[in-house]
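Q: This is model30.txt (compact mmCIF, C-alpha atoms).
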# COMPACT_ATOMS: atom_id res chain seq x y z
CA MET A 1 0.00 0.00 0.00
CA THR A 2 1.52 3.33 -1.10
CA PRO A 3 1.20 5.85 1.76
CA LEU A 4 -0.18 9.34 1.36
CA PRO A 5 2.47 12.01 0.87
CA ALA A 6 3.65 13.30 4.23
CA THR A 7 4.64 16.72 2.88
CA PRO A 8 2.65 19.14 0.70
CA VAL A 9 2.63 18.52 -3.05
CA ASP A 10 2.21 20.91 -5.95
CA LEU A 11 -0.67 18.89 -7.39
CA LEU A 12 -2.90 16.18 -5.98
CA VAL A 13 -4.88 14.25 -8.57
CA VAL A 14 -7.97 12.42 -7.33
CA GLY A 15 -8.69 9.52 -9.67
CA ALA A 16 -6.29 7.17 -11.47
CA GLY A 17 -8.30 6.66 -14.63
CA VAL A 18 -7.11 8.00 -17.95
CA VAL A 19 -8.10 11.60 -17.19
CA GLY A 20 -6.40 11.59 -13.80
CA LEU A 21 -3.27 9.87 -15.09
CA ALA A 22 -3.08 12.33 -17.99
CA HIS A 23 -3.02 15.23 -15.53
CA ALA A 24 -0.47 13.46 -13.35
CA ALA A 25 1.78 12.72 -16.33
CA GLU A 26 1.57 16.28 -17.62
CA ALA A 27 2.36 17.75 -14.20
CA HIS A 28 5.26 15.34 -13.71
CA LEU A 29 6.73 16.22 -17.09
CA ARG A 30 6.52 19.89 -16.08
CA GLY A 31 8.64 19.14 -13.03
CA LEU A 32 5.89 19.48 -10.44
CA MET A 33 5.60 17.37 -7.29
CA VAL A 34 2.55 15.20 -7.93
CA ALA A 35 0.60 12.58 -6.01
CA VAL A 36 -2.48 10.56 -6.99
CA VAL A 37 -5.20 8.96 -4.86
CA ASP A 38 -7.78 6.48 -6.09
CA ARG A 39 -10.56 4.58 -4.37
CA ASP A 40 -9.87 1.23 -6.11
CA ALA A 41 -7.05 -1.27 -5.79
CA PHE A 42 -6.48 -1.16 -9.55
CA ALA A 43 -8.02 0.45 -12.63
CA ALA A 44 -11.47 -1.07 -13.06
CA GLY A 45 -13.68 1.71 -14.43
CA ALA A 46 -14.37 3.34 -17.76
CA SER A 47 -10.66 3.65 -18.62
CA VAL A 48 -10.27 -0.12 -19.02
CA ARG A 49 -13.79 -0.98 -20.18
CA ASN A 50 -13.55 0.81 -23.52
CA PHE A 51 -12.46 -0.01 -27.06
CA GLY A 52 -8.94 1.38 -26.72
CA HIS A 53 -9.85 3.55 -29.68
CA VAL A 54 -8.19 6.97 -29.88
CA CYS A 55 -10.82 8.40 -32.21
CA VAL A 56 -9.06 11.62 -33.23
CA THR A 57 -10.48 12.53 -36.62
CA ALA A 58 -14.20 12.20 -35.85
CA GLN A 59 -14.05 14.98 -33.23
CA ASP A 60 -14.84 18.63 -33.84
CA GLY A 61 -14.05 21.99 -32.23
CA ASP A 62 -12.11 21.93 -28.96
CA ALA A 63 -12.42 18.14 -28.81
CA LEU A 64 -10.52 17.85 -32.11
CA ARG A 65 -7.82 20.19 -30.84
CA TYR A 66 -7.44 18.15 -27.65
CA ALA A 67 -7.50 14.89 -29.63
CA LEU A 68 -4.71 15.95 -31.98
CA ALA A 69 -2.52 17.03 -29.06
CA GLY A 70 -3.43 13.88 -27.13
CA ARG A 71 -2.43 11.73 -30.09
CA GLU A 72 1.15 12.96 -29.89
CA ARG A 73 1.28 12.38 -26.13
CA TRP A 74 -0.06 8.80 -26.46
CA LEU A 75 2.71 8.03 -28.97
CA ARG A 76 5.36 9.44 -26.64
CA LEU A 77 4.04 7.73 -23.52
CA GLY A 78 3.65 4.40 -25.32
CA GLY A 79 7.38 4.46 -26.00
CA ASP A 80 8.33 5.72 -22.54
CA ALA A 81 6.03 3.45 -20.55
CA GLY A 82 6.38 0.38 -22.77
CA PHE A 83 2.87 -0.22 -24.13
CA ASP A 84 1.88 -0.59 -27.77
CA VAL A 85 0.15 2.25 -29.61
CA ALA A 86 -0.90 1.14 -33.08
CA GLU A 87 -0.99 3.81 -35.80
CA ALA A 88 -3.54 1.75 -37.73
CA GLY A 89 -6.16 4.43 -38.21
CA THR A 90 -9.90 3.84 -38.36
CA LEU A 91 -11.94 2.14 -41.06
CA VAL A 92 -15.44 3.58 -41.54
CA VAL A 93 -17.72 1.11 -43.31
CA ALA A 94 -20.56 2.65 -45.31
CA ARG A 95 -23.49 0.39 -46.22
CA ARG A 96 -26.09 3.01 -47.20
CA PRO A 97 -25.85 5.78 -49.81
CA GLU A 98 -26.64 8.25 -47.01
CA GLU A 99 -23.53 7.09 -45.15
CA MET A 100 -21.30 7.65 -48.16
CA ALA A 101 -22.81 11.11 -48.53
CA VAL A 102 -21.74 12.01 -44.98
CA LEU A 103 -18.24 10.68 -45.59
CA GLU A 104 -17.90 12.57 -48.86
CA GLU A 105 -18.87 15.83 -47.16
CA PHE A 106 -16.52 15.06 -44.27
CA ALA A 107 -13.62 14.36 -46.63
CA ALA A 108 -14.25 17.61 -48.50
CA VAL A 109 -13.94 19.57 -45.22
CA ARG A 110 -10.99 17.71 -43.66
CA GLY A 111 -8.83 16.82 -46.66
CA ARG A 112 -6.80 13.76 -47.54
CA GLU A 113 -4.42 14.05 -44.60
CA GLN A 114 -7.30 13.14 -42.29
CA VAL A 115 -9.80 11.30 -44.54
CA ARG A 116 -9.21 8.91 -47.44
CA LEU A 117 -12.35 7.75 -49.18
CA LEU A 118 -12.52 4.07 -50.17
CA ASP A 119 -14.52 2.08 -52.66
CA ALA A 120 -16.03 -1.31 -51.79
CA ALA A 121 -12.82 -3.13 -52.70
CA GLY A 122 -10.76 -0.81 -50.49
CA VAL A 123 -13.02 -1.59 -47.53
CA ALA A 124 -12.87 -5.34 -48.22
CA ARG A 125 -9.06 -5.28 -48.23
CA ARG A 126 -9.11 -3.94 -44.67
CA LEU A 127 -12.16 -5.89 -43.46
CA PRO A 128 -12.48 -9.22 -45.28
CA GLY A 129 -16.09 -10.24 -45.89
CA ALA A 130 -17.50 -6.75 -45.43
CA ASP A 131 -20.60 -5.99 -47.50
CA ALA A 132 -20.08 -2.29 -48.13
CA LEU A 133 -20.80 0.38 -50.71
CA GLY A 134 -17.56 2.06 -49.74
CA GLY A 135 -16.14 3.84 -46.75
CA ALA A 136 -13.18 5.83 -45.51
CA HIS A 137 -9.86 5.38 -43.79
CA LEU A 138 -8.93 7.89 -41.07
CA PRO A 139 -5.15 7.49 -40.83
CA LEU A 140 -4.48 9.67 -37.77
CA ASP A 141 -6.48 7.53 -35.34
CA LEU A 142 -4.73 5.22 -32.90
CA ARG A 143 -5.53 1.93 -31.24
CA LEU A 144 -4.23 0.61 -27.92
CA ASP A 145 -5.17 -2.10 -25.44
CA SER A 146 -6.67 -0.21 -22.50
CA PRO A 147 -6.32 -2.99 -19.86
CA THR A 148 -2.60 -3.03 -20.67
CA ALA A 149 -1.95 0.64 -21.33
CA ILE A 150 -3.59 2.18 -18.25
CA PRO A 151 -1.70 0.01 -15.69
CA ALA A 152 1.51 0.55 -17.68
CA LEU A 153 1.05 4.31 -17.54
CA ALA A 154 0.39 4.19 -13.79
CA GLY A 155 3.46 1.98 -13.31
CA TRP A 156 5.61 4.41 -15.29
CA LEU A 157 4.51 7.29 -13.10
CA GLU A 158 5.20 5.33 -9.91
CA ALA A 159 8.64 4.32 -11.18
CA ARG A 160 9.41 8.00 -11.73
CA GLY A 161 8.47 8.88 -8.16
CA VAL A 162 4.79 9.79 -8.46
CA PRO A 163 2.98 8.02 -5.58
CA ILE A 164 -0.45 6.51 -6.30
CA ALA A 165 -2.29 5.78 -3.07
CA ARG A 166 -4.88 3.07 -3.81
CA ARG A 167 -8.01 2.10 -1.89
CA THR A 168 -8.23 5.68 -0.68
CA SER A 169 -11.51 7.58 -0.90
CA VAL A 170 -11.83 11.34 -0.88
CA LEU A 171 -14.20 12.64 1.78
CA ALA A 172 -13.92 16.42 1.36
CA VAL A 173 -11.89 18.98 -0.56
CA GLU A 174 -10.85 22.42 0.69
CA PRO A 175 -8.40 24.99 -0.68
CA GLY A 176 -4.96 23.50 -0.06
CA LEU A 177 -6.33 20.41 1.72
CA VAL A 178 -7.93 17.11 0.71
CA ARG A 179 -9.43 14.89 3.40
CA THR A 180 -9.33 11.17 2.60
CA SER A 181 -10.27 7.92 4.26
CA ARG A 182 -6.57 7.45 5.14
CA GLY A 183 -5.82 10.97 6.34
CA ASP A 184 -5.29 14.48 5.04
CA VAL A 185 -3.16 15.57 2.09
CA ARG A 186 -1.93 19.12 1.62
CA ALA A 187 -1.68 20.27 -1.97
CA ALA A 188 -1.22 23.66 -3.60
CA ARG A 189 -3.59 22.59 -6.39
CA THR A 190 -6.04 19.70 -6.75
CA VAL A 191 -7.66 18.11 -9.80
CA LEU A 192 -10.75 15.99 -9.16
CA ALA A 193 -10.79 13.51 -12.05
CA VAL A 194 -13.42 11.14 -10.69
CA GLY A 195 -15.56 10.75 -13.82
CA HIS A 196 -19.21 10.00 -13.24
CA ASP A 197 -18.58 9.78 -9.47
CA LEU A 198 -18.54 13.57 -9.40
CA ASP A 199 -22.32 13.29 -9.03
CA ARG A 200 -21.76 11.64 -5.63
CA LEU A 201 -18.80 13.71 -4.43
CA LEU A 202 -20.10 17.11 -5.59
CA PRO A 203 -23.70 16.60 -6.72
CA ASP A 204 -24.49 20.31 -7.07
CA VAL A 205 -21.58 20.76 -9.47
CA ALA A 206 -22.69 17.75 -11.52
CA ASP A 207 -26.30 18.95 -11.57
CA ALA A 208 -25.29 22.42 -12.74
CA ALA A 209 -23.48 20.84 -15.68
CA GLY A 210 -26.44 18.62 -16.56
CA MET A 211 -24.35 15.53 -15.83
CA THR A 212 -25.88 12.09 -15.83
CA ARG A 213 -24.49 8.56 -16.16
CA CYS A 214 -24.28 6.78 -19.50
CA LEU A 215 -24.48 2.99 -19.30
CA LEU A 216 -22.96 0.90 -22.10
CA ARG A 217 -23.39 -2.72 -23.05
CA MET A 218 -20.23 -4.25 -24.54
CA LEU A 219 -19.09 -7.69 -25.63
CA GLU A 220 -15.87 -9.48 -26.43
CA VAL A 221 -16.29 -12.07 -29.16
CA ALA A 222 -14.07 -14.63 -30.83
CA PRO A 223 -12.81 -13.47 -34.24
CA PRO A 224 -14.84 -15.36 -36.87
CA GLY A 225 -12.52 -17.44 -39.02
CA GLY A 226 -9.54 -16.02 -37.14
CA VAL A 227 -9.90 -12.70 -38.96
CA ARG A 228 -7.36 -9.97 -38.16
CA VAL A 229 -8.38 -6.33 -38.59
CA ALA A 230 -5.72 -3.71 -37.90
CA PRO A 231 -7.74 -0.48 -37.70
CA GLY A 232 -10.61 0.32 -35.40
CA VAL A 233 -13.89 -0.06 -37.27
CA LEU A 234 -16.80 2.39 -37.26
CA THR A 235 -20.10 2.13 -39.13
CA GLY A 236 -22.92 4.36 -40.29
CA LEU A 237 -24.31 4.46 -36.77
CA SER A 238 -21.02 6.02 -35.66
CA LEU A 239 -21.67 8.86 -38.10
CA LEU A 240 -24.62 9.82 -35.88
CA ARG A 241 -22.53 10.10 -32.68
CA TYR A 242 -19.31 12.03 -33.28
CA GLY A 243 -19.25 15.80 -33.75
CA GLY A 244 -17.13 15.83 -36.89
CA PHE A 245 -19.73 13.70 -38.67
CA THR A 246 -22.93 15.06 -37.16
CA ALA A 247 -21.94 18.59 -38.22
CA ARG A 248 -22.24 17.57 -41.88
CA PRO A 249 -25.56 18.45 -43.56
CA ALA A 250 -25.97 14.91 -44.92
CA ALA A 251 -26.16 13.51 -41.37
CA ALA A 252 -29.82 14.55 -41.08
CA ALA A 253 -30.81 12.38 -44.05
CA LEU A 254 -28.83 9.48 -42.61
CA ARG A 255 -30.66 9.72 -39.29
CA GLU A 256 -33.99 9.69 -41.13
CA ALA A 257 -32.96 6.60 -43.11
CA VAL A 258 -31.93 4.68 -39.99
CA ALA A 259 -35.09 5.76 -38.16
CA ALA A 260 -37.18 4.39 -41.01
CA GLU A 261 -35.29 1.11 -41.45
CA ALA A 262 -34.12 0.18 -37.93
CA PRO A 263 -35.55 2.47 -35.23
CA GLU A 264 -34.63 -0.04 -32.52
CA LEU A 265 -30.95 0.78 -33.10
CA LEU A 266 -31.56 4.45 -32.39
CA ASP A 267 -33.75 3.61 -29.39
CA ALA A 268 -30.88 1.62 -27.85
CA GLY A 269 -28.31 4.27 -28.78
CA VAL A 270 -26.29 1.72 -30.74
CA ASN A 271 -22.90 2.83 -32.03
CA LEU A 272 -21.88 -0.28 -33.92
CA MET A 273 -18.09 -0.48 -33.87
CA PHE A 274 -15.24 -2.75 -32.86
CA THR A 275 -11.54 -3.01 -32.20
CA GLN A 276 -9.37 -6.10 -31.95
CA ARG A 277 -7.25 -6.96 -28.93
CA PRO A 278 -3.67 -8.22 -29.32
CA ASP A 279 -4.85 -11.79 -28.66
CA GLY A 280 -7.38 -11.54 -31.50
CA ALA A 281 -10.54 -11.11 -29.43
CA ILE A 282 -12.92 -8.51 -30.84
CA VAL A 283 -14.34 -5.79 -28.58
CA LEU A 284 -17.82 -5.16 -29.96
CA GLY A 285 -20.30 -2.52 -28.95
CA ASP A 286 -21.99 -0.53 -27.87
CA THR A 287 -25.32 0.77 -26.58
CA HIS A 288 -26.08 3.94 -24.62
CA HIS A 289 -28.63 4.46 -21.86
CA TYR A 290 -28.81 7.57 -19.66
CA SER A 291 -29.91 7.85 -16.02
CA ALA A 292 -28.69 9.17 -12.67
CA THR A 293 -28.90 5.58 -11.37
CA HIS A 294 -29.16 2.48 -13.55
CA ALA A 295 -31.15 -0.62 -12.70
CA PRO A 296 -28.96 -3.68 -12.07
CA PHE A 297 -30.79 -5.85 -14.62
CA ASP A 298 -29.62 -6.33 -18.21
CA ASP A 299 -32.02 -7.06 -21.04
CA GLU A 300 -30.58 -9.94 -23.08
CA GLY A 301 -32.32 -8.58 -26.16
CA THR A 302 -29.82 -5.73 -26.18
CA ALA A 303 -26.90 -8.14 -26.37
CA GLU A 304 -28.67 -10.14 -29.08
CA MET A 305 -29.07 -6.95 -31.10
CA LEU A 306 -25.35 -6.20 -30.86
CA LEU A 307 -24.43 -9.76 -31.80
CA ARG A 308 -26.79 -9.72 -34.78
CA GLU A 309 -25.45 -6.44 -36.10
CA GLY A 310 -21.85 -7.40 -35.33
CA ALA A 311 -22.18 -10.69 -37.22
CA ARG A 312 -23.62 -8.87 -40.20
CA LEU A 313 -20.77 -6.34 -40.14
CA LEU A 314 -18.16 -9.11 -39.98
CA GLY A 315 -19.89 -11.24 -42.61
CA ALA A 316 -20.30 -14.15 -40.18
CA PRO A 317 -23.35 -16.34 -39.54
CA SER A 318 -22.96 -15.84 -35.77
CA LEU A 319 -20.51 -14.72 -33.12
CA ARG A 320 -19.24 -16.54 -30.02
CA VAL A 321 -19.22 -14.43 -26.87
CA LEU A 322 -16.10 -14.57 -24.71
CA ARG A 323 -16.96 -11.88 -22.15
CA ARG A 324 -19.68 -9.33 -21.40
CA TRP A 325 -19.53 -6.16 -19.36
CA ARG A 326 -21.09 -2.82 -18.61
CA GLY A 327 -19.30 0.42 -19.18
CA GLN A 328 -20.29 3.65 -17.48
CA TYR A 329 -19.17 7.22 -17.97
CA ALA A 330 -20.21 10.79 -17.18
CA SER A 331 -22.42 12.35 -19.82
CA SER A 332 -23.74 15.83 -20.51
CA ALA A 333 -25.70 17.08 -23.50
CA ARG A 334 -24.19 20.53 -22.96
CA THR A 335 -20.47 19.92 -23.32
CA ASP A 336 -17.75 17.36 -24.05
CA VAL A 337 -15.77 18.45 -21.00
CA LEU A 338 -16.70 19.62 -17.51
CA ASP A 339 -13.94 21.82 -16.12
CA VAL A 340 -15.09 23.78 -13.07
CA GLU A 341 -13.26 25.56 -10.26
CA VAL A 342 -15.04 24.27 -7.15
CA ALA A 343 -12.78 26.04 -4.63
CA SER A 344 -9.64 28.12 -4.79
CA GLY A 345 -7.02 25.95 -6.52
CA VAL A 346 -9.42 23.00 -6.93
CA ARG A 347 -10.70 21.92 -10.34
CA ALA A 348 -13.28 19.27 -11.13
CA VAL A 349 -12.49 17.80 -14.57
CA SER A 350 -14.60 15.14 -16.28
CA VAL A 351 -14.90 14.15 -19.92
CA THR A 352 -18.66 14.04 -20.42
CA SER A 353 -18.97 12.53 -23.90
CA GLY A 354 -17.33 9.11 -23.79
CA ILE A 355 -14.10 10.24 -25.47
CA GLY A 356 -11.77 10.27 -22.47
CA MET A 357 -9.20 7.99 -24.10
CA THR A 358 -9.16 10.31 -27.10
CA ILE A 359 -8.84 13.74 -25.50
CA ALA A 360 -7.50 13.30 -21.95
CA HIS A 361 -3.85 13.86 -22.84
CA GLY A 362 -4.70 16.98 -24.83
CA LEU A 363 -7.07 18.32 -22.20
CA ALA A 364 -4.64 17.99 -19.29
CA PRO A 365 -2.13 20.62 -20.53
CA ALA A 366 -4.94 23.13 -21.02
CA VAL A 367 -6.26 22.53 -17.49
CA LEU A 368 -2.81 22.82 -15.90
CA ASP A 369 -2.02 25.96 -17.90
CA SER A 370 -5.07 27.55 -16.33
CA LEU A 371 -4.70 26.02 -12.87
CA PHE A 372 -1.07 27.09 -12.43
Rewrite the structure from the file as structure tokens, please.

A:
Amino acid sequence: MTPLPATPVDLLVVGAGVVGLAHAAEAHLRGLMVAVVDRDAFAAGASVRNFGHVCVTAQDGDALRYALAGRERWLRLGGDAGFDVAEAGTLVVARRPEEMAVLEEFAAVRGREQVRLLDAAGVARRLPGADALGGAHLPLDLRLDSPTAIPALAGWLEARGVPIARRTSVLAVEPGLVRTSRGDVRAARTVLAVGHDLDRLLPDVADAAGMTRCLLRMLEVAPPGGVRVAPGVLTGLSLLRYGGFTARPAAAALREAVAAEAPELLDAGVNLMFTQRPDGAIVLGDTHHYSATHAPFDDEGTAEMLLREGARLLGAPSLRVLRRWRGQYASSARTDVLDVEVASGVRAVSVTSGIGMTIAHGLAPAVLDSLF
């Protein structure tokens, strides 16, 4: 058990998920004295329950700026901390004319450096068996294995002298002082990177930001026929979720087409996509449900829907499930990022759009620039 720091630190980070570790890494690289506290014995939340997809290109506005900066930091930290970061890009599979229309508009705005349109054969070369009209390759996107990368990043910080006190809950935060279940910590500045748990620690702050909890259903399936797919894979449903796509005029016609043909997919908030783990297992998802508290019961029909659509995408008669899990993250319809000063020198920072892996390492420098 790593003890709490006995002397004051420049920055205390509460939360050892990707957002917290990004702030800790940035502060450490700036030469600050940093410590981290986290309530769990190891990373078990949203930061390891995701696709490991650094979805840079699909973002827009500030999120795109953070994503591009975060991309460079992921590449550096992968080398420093010893985890793989694959520069494989993202394959977007288009199976409706309306989907190709969105991609064509997107490519016209972003240019070939970010978007390379593909015909059906180009998609099939990257995803064997795909039944597609065409698609796009987004070469700047990255892929990593979250259950490997997050512990490796934490281990790198600890090896460089940044203490991470586990199984330590925060009870109260004051200017210059954080009270925890294992004692007090004095810190010149504090970043609360507790994700959706902000609604329990500081409910008024979460309420003011319109924060709720987004529940995801996700699956890990065996690769049909041993298929290997290097890039992350998005579909037409993904074009209805990410700001870079939804800002295109053609997105409205796509939403109407999906609503007419498969309204159940919109009702369940399905973003059909997958990535492949190093061992070949395919991480398939996902659905989105929003509530302050979620019921503990899962509807098997939701999983069946994902498996049906995933099999169709992969050109397989069926898929064999290896593991199932729930993801959960902070969500707000108002913003991608909650960044609020809750006391002098204390910032609450949550990514509220499910793109923490993508933007955390670009967001952290902006927060620390302001905080210090």

Q: Measuring atom to atom with all atoms listed in the file, identify which of A:Leu307, A:Arg217, A:Gly15, A:Ser318 is nearest to His289 in chain A.

A: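 For His289 in chain A, the nearest of the given residues is A:Arg217.
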
Q: Compile the contact shell of Arg277 in chain A as a ChimeraX atom specification: residues with an atom at most 9 Å away, counting all atoms listed in the file, same-chain residues fewer than 6 positions apart removed.

A: /A:51-52,144-145,283

Q: Name the closest residue to Ser169 in chain A among the candidates A:Ala16, A:Leu265, A:Glu26, A:Arg73; distances are taken between atoms, counting all atoms listed in the file.

A: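 When distances to Ser169 in chain A are compared using all atoms listed in the file, the smallest one comes from A:Ala16.
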
Q: List every protein, DNA or RNA residue with an atom no more than 6 Å from (-14.8, 19.9, -17.9) in the file's coordinates, counting all atoms listed in the file, and format the result as a VMD selection string.

A: chain A and resid 337 to 339 349 to 350

Q: Just to confirm, what's the straight-line distance from CA of Val48 in chain A to CA of Ser353 in chain A in Å (one decimal)?

A: 16.1 Å

Q: Excluding Ser146 in chain A and any residue of its chain fewer than 2 positions from it, enumerate the residues within 12 Å of it, using all atoms listed in the file, and give them as a ChimeraX atom specification.

A: /A:17-18,43-54,74,78,83-85,142-144,148-153,275-278,283,356-358

Q: Enter the distance from CA of Asp369 in chain A to CA of His23 in chain A, in Å, rounded to one decimal.

A: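 We find that CA of Asp369 in chain A and CA of His23 in chain A lie 11.0 Å from each other.
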
Q: Which residue gives the smallest distance to Asp40 in chain A among A:Leu140, A:Val170, A:Ala262, A:Val191, with all atoms listed in the file counted?

A: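 So, comparing all the options, the nearest one is A:Val170.
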
Q: Hey, can you check how far CA of Gly176 in chain A sits from CA of Leu363 in chain A?

A: 22.8 Å

Q: Considering all atoms listed in the file, can you say which of A:Val34, A:Leu284, A:Ala101, A:Ala295 comes closest to Trp325 in chain A?

A: A:Leu284
